[in-house]
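K.L.:
mmCIF, C-alpha atoms, file target_0.cif:
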data_target
#
loop_
_atom_site.label_atom_id
_atom_site.label_comp_id
_atom_site.auth_asym_id
_atom_site.auth_seq_id
_atom_site.Cartn_x
_atom_site.Cartn_y
_atom_site.Cartn_z
CA MET A 873 46.53 30.36 18.26
CA ILE A 874 42.80 30.97 17.95
CA VAL A 875 42.61 28.48 15.09
CA PHE A 876 44.26 25.83 17.28
CA PHE A 877 41.68 26.29 20.05
CA PHE A 878 38.85 26.24 17.51
CA LEU A 879 40.13 22.95 16.06
CA MET A 880 40.50 21.43 19.55
CA ILE A 881 36.94 22.40 20.49
CA ALA A 882 35.62 21.00 17.17
CA LEU A 883 37.55 17.77 17.78
CA VAL A 884 36.09 17.40 21.27
CA VAL A 885 32.57 18.05 19.96
CA VAL A 886 32.94 15.46 17.18
CA VAL A 887 34.36 12.82 19.55
CA ALA A 888 31.58 13.49 22.05
CA ALA A 889 28.90 13.27 19.35
CA VAL A 890 30.24 9.97 18.03
CA THR A 891 30.53 8.56 21.55
CA LEU A 892 26.96 9.55 22.39
CA ALA A 893 25.69 8.10 19.12
CA VAL A 894 27.36 4.76 19.78
CA ILE A 895 26.63 4.46 23.49
CA GLY A 896 23.41 6.50 23.53
CA GLY A 897 21.10 3.48 23.09
CA GLY A 898 22.17 1.90 26.36
CA SER A 899 21.26 -1.79 26.31
CA GLU A 900 19.17 -1.35 23.17
CA ALA A 901 20.63 -1.43 19.71
CA VAL A 902 21.34 1.88 18.03
CA LEU A 903 19.09 0.95 15.13
CA PRO A 904 16.06 -1.33 15.40
CA GLU A 905 16.14 -4.63 13.54
CA ALA A 906 14.78 -4.14 10.06
CA GLU A 907 12.26 -6.47 8.53
CA PRO A 908 13.56 -8.10 5.38
CA ASP A 909 11.99 -6.22 2.49
CA ARG A 910 10.72 -9.32 0.75
CA VAL A 911 7.27 -9.45 -0.69
CA ALA A 912 5.06 -12.37 -1.52
CA ASP A 913 5.62 -13.54 -5.07
CA GLY A 914 2.13 -12.42 -6.10
CA LEU A 915 1.21 -15.77 -7.60
CA PRO A 916 -2.08 -17.31 -6.46
CA GLU A 917 -1.87 -20.13 -3.92
CA SER A 918 -5.42 -21.42 -4.35
CA ARG A 919 -5.35 -22.13 -8.10
CA PRO A 920 -2.89 -22.91 -10.89
CA VAL A 921 -0.95 -20.02 -12.36
CA VAL A 922 -2.36 -18.60 -15.59
CA ARG A 923 -0.85 -16.30 -18.21
CA GLU A 924 -2.46 -13.19 -16.70
CA ASP A 925 -0.76 -13.92 -13.35
CA ILE A 926 2.64 -13.94 -15.04
CA ASP A 927 1.85 -10.74 -16.97
CA ALA A 928 0.82 -8.99 -13.73
CA LEU A 929 3.82 -10.23 -11.72
CA ARG A 930 6.22 -7.46 -10.70
CA LEU A 931 9.31 -8.28 -8.68
CA PRO A 932 10.91 -5.62 -6.47
CA VAL A 933 14.10 -4.07 -7.74
CA ALA A 934 17.27 -4.04 -5.64
CA PRO A 935 20.10 -1.50 -5.98
CA ARG A 936 21.90 -3.68 -8.54
CA GLY A 937 18.94 -5.32 -10.26
CA TYR A 938 16.44 -7.87 -9.00
CA ARG A 939 16.74 -9.74 -5.72
CA MET A 940 18.06 -13.12 -6.76
CA ALA A 941 16.35 -15.01 -3.92
CA GLU A 942 12.92 -13.70 -4.88
CA VAL A 943 13.43 -14.40 -8.57
CA ASP A 944 14.65 -17.91 -7.72
CA ASP A 945 11.55 -18.52 -5.55
CA VAL A 946 9.20 -17.46 -8.33
CA LEU A 947 11.04 -19.50 -10.95
CA GLU A 948 11.02 -22.59 -8.72
CA ARG A 949 7.27 -22.22 -8.19
CA LEU A 950 6.63 -21.82 -11.92
CA ALA A 951 8.87 -24.80 -12.72
CA ALA A 952 6.98 -26.97 -10.22
CA GLU A 953 3.61 -25.99 -11.68
CA LEU A 954 4.82 -26.61 -15.23
CA ALA A 955 6.19 -30.02 -14.21
CA GLU A 956 2.84 -30.86 -12.61
CA ARG A 957 0.99 -29.84 -15.77
CA ASP A 958 3.38 -31.82 -17.97
CA ALA A 959 2.82 -34.89 -15.82
CA ARG A 960 -0.96 -34.43 -16.07
CA ILE A 961 -0.76 -34.01 -19.86
CA ALA A 962 1.38 -37.14 -20.13
CA GLN A 963 -1.11 -39.05 -17.97
CA LEU A 964 -4.07 -37.92 -20.09
CA THR A 965 -2.18 -38.70 -23.30
CA ALA A 966 -1.34 -42.19 -22.05
CA THR A 967 -4.98 -42.75 -21.07
CA ALA A 968 -6.14 -41.57 -24.51
CA ASP A 969 -3.60 -43.83 -26.25
CA ALA A 970 -4.69 -46.80 -24.15
CA SER A 971 -8.38 -46.29 -24.92
CA GLY A 972 -7.78 -46.77 -28.62
CA PRO A 973 -8.63 -44.89 -31.78
CA ALA A 974 -12.41 -45.50 -31.51
CA ASP A 975 -12.74 -42.94 -28.72
CA ARG A 976 -10.60 -40.30 -30.39
CA VAL A 977 -11.97 -37.26 -32.15
CA ASP A 978 -10.19 -36.29 -35.36
CA LEU A 979 -10.12 -32.51 -35.22
CA SER A 980 -8.74 -32.18 -38.73
CA LYS A 981 -12.06 -33.46 -40.20
CA GLY A 982 -14.34 -31.13 -38.31
CA GLY A 983 -14.85 -33.30 -35.23
CA GLU A 984 -16.00 -36.52 -36.94
CA ARG A 985 -15.02 -39.89 -35.44
#
Write the structure described by the file as structure tokens, please.
P.N.:
Amino acid sequence: MIVFFFLMIALVVVVAAVTLAVIGGGSEAVLPEAEPDRVADGLPESRPVVREDIDALRLPVAPRGYRMAEVDDVLERLAAELAERDARIAQLTATADASGPADRVDLSKGGER
């Protein structure tokens, strides 16, 4: 009989604790809104990305690996910068081809024209 009363009292205490935990915040949420734990990608905004920036880049780890959204953002940024560099190289190559062989420097012969 004593065990029954002990279990009933424990049940009432648990129900009361859960009720107070759920309703205890009143009009406020039980837990405050959490900021998304995203960090800036760490790549410079004011200049093109260089090899040292990539070597120093560290992405935050999530419970099951890396956060896919952050990795995607970094890869998109790198792809855009590489595409911009490729376009610039193609433009410079086309300009060099259009100027003719007289303006070219033959590097295989020690820089002679």
K.L.:
So what do you get for atom CA of A:Pro920 versus atom CA of A:Val933, distance-wise?
P.N.:
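So the answer is 25.6 Å.
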K.L.:
Go ahead and compute the interatomic distance for atom CA of A:Asp945 and atom CA of A:Asp925, in Å to one decimal.
P.N.:
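Here the two named atoms are 15.3 Å from each other.
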K.L.:
Would you kindly translate the PyMOL selection byres ((chain A and resi 950-958) around 12) into the concrete residues it picks from this file, as a PyMOL selection string?
P.N.:
chain A and resi 913-917+919-923+925-926+929+943-949+959-965
K.L.:
Measure the distance from atom CA of A:Val894 to atom CA of A:Val875 in Å and round it to one decimal.
P.N.:
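Between atom CA of A:Val894 and atom CA of A:Val875 the gap works out to 28.6 Å.
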